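Student: Data file input.cif (mmCIF, N, CA and C atoms and all ligand atoms) is appended below.
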data_entry
loop_
_atom_site.label_atom_id
_atom_site.label_comp_id
_atom_site.auth_asym_id
_atom_site.auth_seq_id
_atom_site.Cartn_x
_atom_site.Cartn_y
_atom_site.Cartn_z
N MET A 71 12.26 100.46 -15.88
CA MET A 71 13.03 101.10 -16.94
C MET A 71 13.63 100.05 -17.88
N GLU A 72 13.52 100.33 -19.15
CA GLU A 72 14.02 99.38 -20.14
C GLU A 72 14.83 100.16 -21.17
N ARG A 73 15.75 99.45 -21.83
CA ARG A 73 16.56 100.07 -22.89
C ARG A 73 16.33 99.36 -24.22
N THR A 74 16.44 100.13 -25.28
CA THR A 74 16.31 99.54 -26.62
C THR A 74 17.25 100.25 -27.57
N LEU A 75 17.59 99.57 -28.67
CA LEU A 75 18.42 100.23 -29.68
C LEU A 75 17.53 100.76 -30.80
N SER A 76 17.79 102.00 -31.18
CA SER A 76 17.12 102.59 -32.34
C SER A 76 18.18 102.96 -33.37
N ILE A 77 17.83 102.73 -34.63
CA ILE A 77 18.69 103.22 -35.72
C ILE A 77 17.85 104.09 -36.65
N VAL A 78 18.31 105.30 -36.92
CA VAL A 78 17.76 106.06 -38.04
C VAL A 78 18.62 105.65 -39.24
N LYS A 79 17.99 104.92 -40.15
CA LYS A 79 18.71 104.27 -41.25
C LYS A 79 19.18 105.32 -42.28
N PRO A 80 20.05 104.89 -43.22
CA PRO A 80 20.57 105.85 -44.20
C PRO A 80 19.49 106.64 -44.95
N ASP A 81 18.34 106.03 -45.20
CA ASP A 81 17.27 106.78 -45.91
C ASP A 81 16.69 107.86 -45.01
N GLY A 82 16.61 107.61 -43.70
CA GLY A 82 16.08 108.61 -42.77
C GLY A 82 17.02 109.79 -42.64
N VAL A 83 18.33 109.51 -42.59
CA VAL A 83 19.32 110.59 -42.52
C VAL A 83 19.27 111.40 -43.81
N GLU A 84 19.22 110.68 -44.96
CA GLU A 84 19.20 111.32 -46.27
C GLU A 84 17.96 112.22 -46.44
N LYS A 85 16.82 111.75 -45.94
CA LYS A 85 15.58 112.52 -46.07
C LYS A 85 15.48 113.69 -45.09
N GLY A 86 16.42 113.75 -44.16
CA GLY A 86 16.44 114.87 -43.22
C GLY A 86 15.37 114.80 -42.14
N VAL A 87 15.03 113.55 -41.73
CA VAL A 87 14.00 113.43 -40.70
C VAL A 87 14.57 113.01 -39.34
N LEU A 88 15.89 113.07 -39.22
CA LEU A 88 16.54 112.68 -37.96
C LEU A 88 15.97 113.45 -36.76
N GLY A 89 15.90 114.76 -36.88
CA GLY A 89 15.40 115.59 -35.78
C GLY A 89 13.96 115.25 -35.44
N GLU A 90 13.14 115.04 -36.46
CA GLU A 90 11.73 114.72 -36.24
C GLU A 90 11.58 113.37 -35.52
N VAL A 91 12.41 112.40 -35.91
CA VAL A 91 12.33 111.07 -35.26
C VAL A 91 12.72 111.20 -33.79
N ILE A 92 13.81 111.92 -33.51
CA ILE A 92 14.24 112.08 -32.12
C ILE A 92 13.17 112.83 -31.32
N LYS A 93 12.56 113.82 -31.95
CA LYS A 93 11.50 114.58 -31.27
C LYS A 93 10.35 113.65 -30.86
N ARG A 94 10.00 112.73 -31.75
CA ARG A 94 8.90 111.80 -31.41
C ARG A 94 9.28 110.90 -30.24
N PHE A 95 10.54 110.47 -30.20
CA PHE A 95 10.97 109.65 -29.06
C PHE A 95 10.87 110.48 -27.78
N GLU A 96 11.46 111.66 -27.82
CA GLU A 96 11.54 112.48 -26.60
C GLU A 96 10.17 112.91 -26.11
N SER A 97 9.25 113.15 -27.02
CA SER A 97 7.94 113.61 -26.56
C SER A 97 7.02 112.44 -26.19
N ASN A 98 7.54 111.22 -26.30
CA ASN A 98 6.74 110.05 -25.91
C ASN A 98 7.43 109.23 -24.83
N GLY A 99 8.19 109.90 -24.01
CA GLY A 99 8.74 109.24 -22.82
C GLY A 99 9.99 108.40 -23.04
N LEU A 100 10.63 108.54 -24.21
CA LEU A 100 11.88 107.81 -24.45
C LEU A 100 13.05 108.78 -24.40
N ARG A 101 13.99 108.50 -23.52
CA ARG A 101 15.13 109.39 -23.34
C ARG A 101 16.33 108.83 -24.11
N VAL A 102 17.04 109.71 -24.84
CA VAL A 102 18.25 109.27 -25.55
C VAL A 102 19.39 109.26 -24.54
N ILE A 103 19.95 108.05 -24.29
CA ILE A 103 21.04 107.97 -23.30
C ILE A 103 22.39 107.63 -23.95
N ALA A 104 22.38 107.44 -25.28
CA ALA A 104 23.62 107.26 -26.06
C ALA A 104 23.26 107.51 -27.51
N MET A 105 24.20 108.11 -28.26
CA MET A 105 23.90 108.39 -29.66
C MET A 105 25.19 108.64 -30.45
N LYS A 106 25.24 108.11 -31.67
CA LYS A 106 26.35 108.45 -32.57
C LYS A 106 25.97 108.16 -34.02
N MET A 107 26.70 108.82 -34.93
CA MET A 107 26.52 108.55 -36.36
C MET A 107 27.56 107.52 -36.76
N VAL A 108 27.12 106.53 -37.53
CA VAL A 108 28.04 105.47 -37.97
C VAL A 108 27.92 105.27 -39.48
N CYS A 109 29.03 104.88 -40.09
CA CYS A 109 29.02 104.49 -41.51
C CYS A 109 29.43 103.02 -41.52
N MET A 110 28.45 102.15 -41.52
CA MET A 110 28.73 100.72 -41.43
C MET A 110 29.33 100.19 -42.73
N SER A 111 30.29 99.30 -42.58
CA SER A 111 30.79 98.56 -43.74
C SER A 111 29.76 97.46 -44.04
N LYS A 112 29.89 96.86 -45.20
CA LYS A 112 29.01 95.74 -45.55
C LYS A 112 29.12 94.63 -44.49
N GLU A 113 30.35 94.34 -44.06
CA GLU A 113 30.55 93.28 -43.07
C GLU A 113 29.91 93.64 -41.73
N GLN A 114 30.01 94.90 -41.33
CA GLN A 114 29.39 95.33 -40.07
C GLN A 114 27.87 95.24 -40.15
N ALA A 115 27.30 95.61 -41.30
CA ALA A 115 25.85 95.51 -41.48
C ALA A 115 25.42 94.04 -41.47
N LYS A 116 26.23 93.18 -42.08
CA LYS A 116 25.91 91.75 -42.09
C LYS A 116 25.95 91.18 -40.67
N GLY A 117 26.89 91.63 -39.87
CA GLY A 117 26.98 91.17 -38.49
C GLY A 117 25.77 91.61 -37.68
N PHE A 118 25.37 92.84 -37.90
CA PHE A 118 24.23 93.36 -37.16
C PHE A 118 22.95 92.59 -37.50
N TYR A 119 22.76 92.29 -38.79
CA TYR A 119 21.53 91.61 -39.24
C TYR A 119 21.74 90.11 -39.45
N TYR A 120 22.71 89.53 -38.74
CA TYR A 120 23.05 88.11 -38.88
C TYR A 120 21.81 87.20 -38.75
N VAL A 121 20.91 87.60 -37.86
CA VAL A 121 19.69 86.81 -37.62
C VAL A 121 18.87 86.65 -38.91
N HIS A 122 19.05 87.57 -39.85
CA HIS A 122 18.29 87.51 -41.11
C HIS A 122 19.10 86.90 -42.27
N ARG A 123 20.22 86.24 -41.93
CA ARG A 123 21.14 85.78 -42.99
C ARG A 123 20.51 84.84 -44.01
N GLU A 124 19.43 84.13 -43.62
CA GLU A 124 18.80 83.20 -44.57
C GLU A 124 17.72 83.87 -45.40
N ARG A 125 17.37 85.11 -45.06
CA ARG A 125 16.27 85.78 -45.76
C ARG A 125 16.69 86.24 -47.16
N PRO A 126 15.74 86.25 -48.09
CA PRO A 126 16.08 86.66 -49.46
C PRO A 126 16.54 88.12 -49.55
N PHE A 127 16.15 88.94 -48.56
CA PHE A 127 16.50 90.37 -48.63
C PHE A 127 17.81 90.70 -47.90
N TYR A 128 18.51 89.67 -47.39
CA TYR A 128 19.72 89.92 -46.58
C TYR A 128 20.79 90.73 -47.32
N GLU A 129 21.08 90.33 -48.56
CA GLU A 129 22.13 91.03 -49.33
C GLU A 129 21.74 92.48 -49.60
N SER A 130 20.52 92.65 -50.06
CA SER A 130 20.04 93.98 -50.40
C SER A 130 19.96 94.87 -49.15
N LEU A 131 19.46 94.30 -48.05
CA LEU A 131 19.33 95.05 -46.80
C LEU A 131 20.71 95.51 -46.31
N THR A 132 21.69 94.61 -46.36
CA THR A 132 23.01 94.98 -45.84
C THR A 132 23.75 95.92 -46.81
N ASP A 133 23.43 95.84 -48.10
CA ASP A 133 23.96 96.85 -49.05
C ASP A 133 23.41 98.22 -48.67
N PHE A 134 22.10 98.27 -48.45
CA PHE A 134 21.44 99.53 -48.09
C PHE A 134 21.99 100.08 -46.78
N MET A 135 22.09 99.23 -45.76
CA MET A 135 22.51 99.72 -44.45
C MET A 135 23.97 100.19 -44.44
N SER A 136 24.74 99.74 -45.42
CA SER A 136 26.14 100.19 -45.50
C SER A 136 26.32 101.25 -46.60
N SER A 137 25.21 101.79 -47.09
CA SER A 137 25.29 102.74 -48.22
C SER A 137 25.53 104.19 -47.79
N GLY A 138 25.42 104.49 -46.51
CA GLY A 138 25.58 105.87 -46.06
C GLY A 138 25.47 105.95 -44.56
N PRO A 139 25.57 107.17 -44.02
CA PRO A 139 25.52 107.31 -42.57
C PRO A 139 24.17 106.96 -41.97
N ALA A 140 24.24 106.36 -40.79
CA ALA A 140 23.05 106.05 -40.00
C ALA A 140 23.30 106.59 -38.60
N VAL A 141 22.24 106.81 -37.84
CA VAL A 141 22.41 107.28 -36.46
C VAL A 141 21.88 106.20 -35.52
N VAL A 142 22.75 105.76 -34.63
CA VAL A 142 22.36 104.72 -33.66
C VAL A 142 22.18 105.37 -32.29
N MET A 143 21.14 104.91 -31.59
CA MET A 143 20.81 105.50 -30.29
C MET A 143 20.39 104.42 -29.31
N VAL A 144 20.68 104.65 -28.05
CA VAL A 144 20.06 103.84 -27.00
C VAL A 144 18.95 104.69 -26.40
N LEU A 145 17.75 104.12 -26.37
CA LEU A 145 16.60 104.81 -25.77
C LEU A 145 16.27 104.12 -24.46
N GLU A 146 15.92 104.93 -23.47
CA GLU A 146 15.54 104.38 -22.18
C GLU A 146 14.19 104.93 -21.76
N GLY A 147 13.38 104.07 -21.19
CA GLY A 147 12.07 104.51 -20.70
C GLY A 147 11.26 103.30 -20.26
N GLU A 148 10.08 103.58 -19.75
CA GLU A 148 9.20 102.49 -19.36
C GLU A 148 8.73 101.76 -20.62
N ASN A 149 8.85 100.46 -20.63
CA ASN A 149 8.47 99.65 -21.80
C ASN A 149 9.06 100.23 -23.10
N ALA A 150 10.34 100.57 -23.03
CA ALA A 150 10.99 101.26 -24.16
C ALA A 150 10.93 100.43 -25.45
N ILE A 151 11.05 99.12 -25.33
CA ILE A 151 11.08 98.28 -26.54
C ILE A 151 9.74 98.36 -27.29
N SER A 152 8.65 98.14 -26.56
CA SER A 152 7.34 98.16 -27.24
C SER A 152 6.93 99.59 -27.59
N LYS A 153 7.28 100.55 -26.76
CA LYS A 153 6.96 101.96 -27.06
C LYS A 153 7.64 102.40 -28.36
N ASN A 154 8.91 102.03 -28.50
CA ASN A 154 9.64 102.39 -29.72
C ASN A 154 9.00 101.72 -30.94
N ARG A 155 8.61 100.45 -30.80
CA ARG A 155 8.01 99.74 -31.93
C ARG A 155 6.65 100.35 -32.31
N GLU A 156 5.95 100.81 -31.28
CA GLU A 156 4.66 101.47 -31.53
C GLU A 156 4.88 102.78 -32.31
N LEU A 157 5.89 103.54 -31.91
CA LEU A 157 6.16 104.82 -32.59
C LEU A 157 6.66 104.60 -34.02
N MET A 158 7.40 103.49 -34.24
CA MET A 158 7.92 103.20 -35.59
C MET A 158 6.82 102.78 -36.55
N GLY A 159 5.88 101.94 -36.07
CA GLY A 159 4.86 101.36 -36.95
C GLY A 159 5.36 100.09 -37.59
N ALA A 160 4.50 99.41 -38.34
CA ALA A 160 4.83 98.12 -38.94
C ALA A 160 6.01 98.23 -39.90
N THR A 161 6.75 97.12 -40.03
CA THR A 161 7.92 97.07 -40.94
C THR A 161 7.55 97.56 -42.33
N ASP A 162 6.40 97.06 -42.81
CA ASP A 162 5.91 97.49 -44.13
C ASP A 162 5.09 98.77 -43.94
N TYR A 163 5.60 99.87 -44.46
CA TYR A 163 4.95 101.18 -44.24
C TYR A 163 3.49 101.19 -44.69
N ARG A 164 3.14 100.28 -45.64
CA ARG A 164 1.75 100.25 -46.13
C ARG A 164 0.80 99.72 -45.07
N GLU A 165 1.38 98.96 -44.10
CA GLU A 165 0.56 98.40 -43.02
C GLU A 165 0.72 99.18 -41.72
N ALA A 166 1.54 100.21 -41.73
CA ALA A 166 1.81 100.96 -40.50
C ALA A 166 0.62 101.86 -40.14
N ALA A 167 0.39 102.00 -38.83
CA ALA A 167 -0.72 102.83 -38.36
C ALA A 167 -0.46 104.31 -38.66
N GLU A 168 -1.55 105.04 -38.78
CA GLU A 168 -1.47 106.50 -39.01
C GLU A 168 -0.65 107.14 -37.89
N GLY A 169 0.17 108.11 -38.27
CA GLY A 169 0.91 108.87 -37.26
C GLY A 169 2.21 108.22 -36.82
N THR A 170 2.50 107.02 -37.37
CA THR A 170 3.78 106.38 -37.01
C THR A 170 4.89 106.89 -37.93
N ILE A 171 6.11 106.66 -37.50
CA ILE A 171 7.27 107.16 -38.25
C ILE A 171 7.31 106.55 -39.65
N ARG A 172 7.10 105.24 -39.73
CA ARG A 172 7.18 104.59 -41.04
C ARG A 172 6.02 105.01 -41.94
N LYS A 173 4.82 105.15 -41.36
CA LYS A 173 3.68 105.59 -42.17
C LYS A 173 3.95 106.98 -42.74
N ASP A 174 4.53 107.83 -41.91
CA ASP A 174 4.73 109.22 -42.32
C ASP A 174 5.91 109.40 -43.28
N PHE A 175 6.96 108.58 -43.16
CA PHE A 175 8.17 108.88 -43.92
C PHE A 175 8.70 107.76 -44.83
N ALA A 176 8.29 106.50 -44.63
CA ALA A 176 8.86 105.42 -45.44
C ALA A 176 8.13 105.27 -46.76
N THR A 177 8.88 104.81 -47.76
CA THR A 177 8.29 104.62 -49.09
C THR A 177 8.66 103.25 -49.63
N ASP A 178 9.24 102.40 -48.79
CA ASP A 178 9.78 101.12 -49.24
C ASP A 178 9.86 100.20 -48.03
N ILE A 179 9.57 98.90 -48.22
CA ILE A 179 9.59 97.97 -47.07
C ILE A 179 11.00 97.84 -46.49
N GLU A 180 12.00 97.93 -47.35
CA GLU A 180 13.39 97.81 -46.88
C GLU A 180 13.91 99.15 -46.35
N ARG A 181 13.67 100.19 -47.12
CA ARG A 181 14.13 101.53 -46.73
C ARG A 181 13.04 102.14 -45.87
N ASN A 182 12.99 101.67 -44.63
CA ASN A 182 11.85 102.02 -43.77
C ASN A 182 12.22 102.93 -42.60
N ILE A 183 13.21 103.78 -42.84
CA ILE A 183 13.57 104.91 -41.96
C ILE A 183 14.21 104.54 -40.63
N VAL A 184 13.61 103.60 -39.92
CA VAL A 184 14.11 103.28 -38.57
C VAL A 184 14.17 101.78 -38.34
N HIS A 185 15.03 101.43 -37.39
CA HIS A 185 15.07 100.07 -36.86
C HIS A 185 14.90 100.16 -35.35
N GLY A 186 14.25 99.17 -34.75
CA GLY A 186 14.16 99.09 -33.30
C GLY A 186 14.25 97.65 -32.85
N SER A 187 14.89 97.42 -31.72
CA SER A 187 15.02 96.06 -31.18
C SER A 187 13.64 95.45 -30.97
N ASP A 188 13.54 94.11 -31.18
CA ASP A 188 12.21 93.48 -31.05
C ASP A 188 12.01 92.73 -29.74
N GLY A 189 12.98 92.72 -28.85
CA GLY A 189 12.80 92.06 -27.55
C GLY A 189 14.02 92.32 -26.68
N PRO A 190 13.94 91.93 -25.40
CA PRO A 190 15.04 92.22 -24.46
C PRO A 190 16.38 91.61 -24.86
N ASP A 191 16.38 90.36 -25.34
CA ASP A 191 17.65 89.72 -25.71
C ASP A 191 18.26 90.42 -26.93
N THR A 192 17.40 90.73 -27.89
CA THR A 192 17.85 91.43 -29.10
C THR A 192 18.39 92.80 -28.71
N ALA A 193 17.69 93.49 -27.82
CA ALA A 193 18.12 94.83 -27.40
C ALA A 193 19.51 94.76 -26.77
N ALA A 194 19.75 93.78 -25.92
CA ALA A 194 21.06 93.66 -25.27
C ALA A 194 22.15 93.43 -26.31
N PHE A 195 21.89 92.53 -27.26
CA PHE A 195 22.87 92.27 -28.32
C PHE A 195 23.10 93.53 -29.17
N GLU A 196 22.02 94.15 -29.57
CA GLU A 196 22.12 95.29 -30.50
C GLU A 196 22.79 96.51 -29.85
N ILE A 197 22.49 96.75 -28.57
CA ILE A 197 23.12 97.88 -27.88
C ILE A 197 24.63 97.62 -27.79
N SER A 198 24.98 96.40 -27.43
CA SER A 198 26.41 96.10 -27.27
C SER A 198 27.14 96.05 -28.61
N TYR A 199 26.39 95.91 -29.70
CA TYR A 199 27.02 95.91 -31.03
C TYR A 199 27.61 97.29 -31.34
N PHE A 200 26.98 98.33 -30.83
CA PHE A 200 27.42 99.70 -31.16
C PHE A 200 28.03 100.47 -30.00
N PHE A 201 27.68 100.12 -28.78
CA PHE A 201 28.10 100.95 -27.64
C PHE A 201 28.77 100.13 -26.55
N ASN A 202 29.79 100.73 -25.91
CA ASN A 202 30.30 100.14 -24.67
C ASN A 202 29.69 100.91 -23.50
N GLU A 203 29.90 100.40 -22.31
CA GLU A 203 29.24 100.98 -21.13
C GLU A 203 29.59 102.46 -20.92
N LEU A 204 30.84 102.84 -21.24
CA LEU A 204 31.29 104.23 -21.07
C LEU A 204 30.48 105.21 -21.92
N GLU A 205 29.96 104.71 -23.05
CA GLU A 205 29.25 105.59 -23.99
C GLU A 205 27.76 105.71 -23.67
N ILE A 206 27.30 104.97 -22.68
CA ILE A 206 25.88 104.98 -22.34
C ILE A 206 25.69 105.76 -21.04
N CYS A 207 24.95 106.86 -21.13
CA CYS A 207 24.79 107.74 -19.96
C CYS A 207 23.41 107.53 -19.35
N GLY A 208 23.18 106.36 -18.83
CA GLY A 208 21.86 106.03 -18.28
C GLY A 208 21.80 106.29 -16.79
P1 LIG B 1 14.18 96.24 -39.52
O1 LIG B 1 13.18 96.57 -38.47
O2 LIG B 1 15.49 96.93 -39.50
O3 LIG B 1 14.44 94.66 -39.49
C1 LIG B 1 14.88 93.94 -40.62
C2 LIG B 1 14.81 94.75 -41.86
O4 LIG B 1 14.75 94.00 -43.04
C3 LIG B 1 13.50 95.54 -41.90
O5 LIG B 1 13.52 96.55 -40.93
C4 LIG B 1 13.50 96.01 -43.33
O6 LIG B 1 14.42 97.07 -43.55
C5 LIG B 1 14.02 94.75 -44.01
N1 LIG B 1 12.92 93.90 -44.50
C6 LIG B 1 12.04 93.19 -43.78
N2 LIG B 1 11.20 92.52 -44.58
C7 LIG B 1 11.58 92.80 -45.83
C8 LIG B 1 11.11 92.40 -47.10
N3 LIG B 1 10.08 91.58 -47.25
N4 LIG B 1 11.74 92.88 -48.19
C9 LIG B 1 12.81 93.72 -48.04
N5 LIG B 1 13.29 94.13 -46.85
C10 LIG B 1 12.68 93.67 -45.76
#
Show me the file's structure as structure tokens.
Ligand code: CMP

Tutor:
Amino acid sequence: MERTLSIVKPDGVEKGVLGEVIKRFESNGLRVIAMKMVCMSKEQAKGFYYVHRERPFYESLTDFMSSGPAVVMVLEGENAISKNRELMGATDYREAAEGTIRKDFATDIERNIVHGSDGPDTAAFEISYFFNELEICG
């Protein structure tokens, strides 16, 4: 069993695909064991994406992530990290495989509907960024 952090980004909430995204997780062996809606400040978004602080898109990305409500979730399942990444599709929706969340709903490389942890260390950091142990029902 593995855990990963998923975010339905402000564009996903705005487009009304939250339920569809959760349905894809649940029907592919990923269980939601923690969930909440958050309105990140610019500083909170910058902290979350600190690893990307040198990237040219850092300012724009953190403006976007703090522009409206997002839904953060902890997903649990076998190979949850790679399973979630498979369901999301490539970061750039133009390169995402057919049937993936980003292929189906994203229209922009930055506004790409969902975020998912990319490895075990990242997952541990990202889960603890939003949730304490009491909030995780695993
Ligand atoms: P995410 O999986 O949340 O990880 C980092 C985010 O940065 C990524 O999804 C996109 O939202 C954004 N991103 C990555 N590459 C680019 C890029 N080339 N231009 C703009 N945004 C990007």

Student: Return as an NGL selection string the residues of protein, DNA or RNA that approach ligand LIG 1 (chain B) to within 6.5 Å, with all atoms listed in the file taken into account.

Tutor: :A and (127 or 131 or 161 or 179-182 or 184-186)

Student: To one decimal place in Å, what is the distance between atom CA of Gly89 of chain A and atom N of Met107 of chain A?

Tutor: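 One can read the atom CA of Gly89 of chain A to atom N of Met107 of chain A distance as 13.2 Å.
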
Student: Could you check which of A:Val78, A:Val144, A:Met110, A:Val121 is closest to Ile197 of chain A, using only N, CA and C atoms?

Tutor: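 Going through A:Val78, A:Val144, A:Met110, A:Val121 one by one, the smallest distance to Ile197 of chain A is for A:Val144.
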
Student: Determine which residues of chain A receive a DSSP assignment of strand (DSSP E), computed from the backbone, and state them as a PyMOL selection string.

Tutor: chain A and resi 72-78+101-108+140-147+184-186

Student: Between A:Leu145, A:Ala166, A:Gly117, A:Pro139, which residue has the minimum interatomic distance to Gly82 of chain A, considering all atoms listed in the file?

Tutor: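 Using all atoms listed in the file, Gly82 of chain A sits closest to A:Pro139.
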
Student: Here is a test: counting only N, CA and C atoms, which residue of A:Gly189, A:Gly169, A:Gly147, A:Gly208 is nearest to Asn98 of chain A?

Tutor: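 Counting only N, CA and C atoms, the residue closest to Asn98 of chain A is A:Gly147.
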
Student: For atom C of His122 of chain A and atom CA of Tyr163 of chain A, quote the distance in Å rounded to one decimal.

Tutor: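 Separation between atom C of His122 of chain A and atom CA of Tyr163 of chain A: 20.2 Å.
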
Student: If you measure from atom C of Ala176 of chain A to atom CA of Asn149 of chain A, what distance in Å do you get, rounded to one decimal?

Tutor: 25.6 Å

Student: Quick one: of A:Ala194, A:Ala160, A:Ile77, A:Met71, who's nearest to Cys109 of chain A, counting only C-alpha atoms?

Tutor: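 Closest candidate: A:Ile77.
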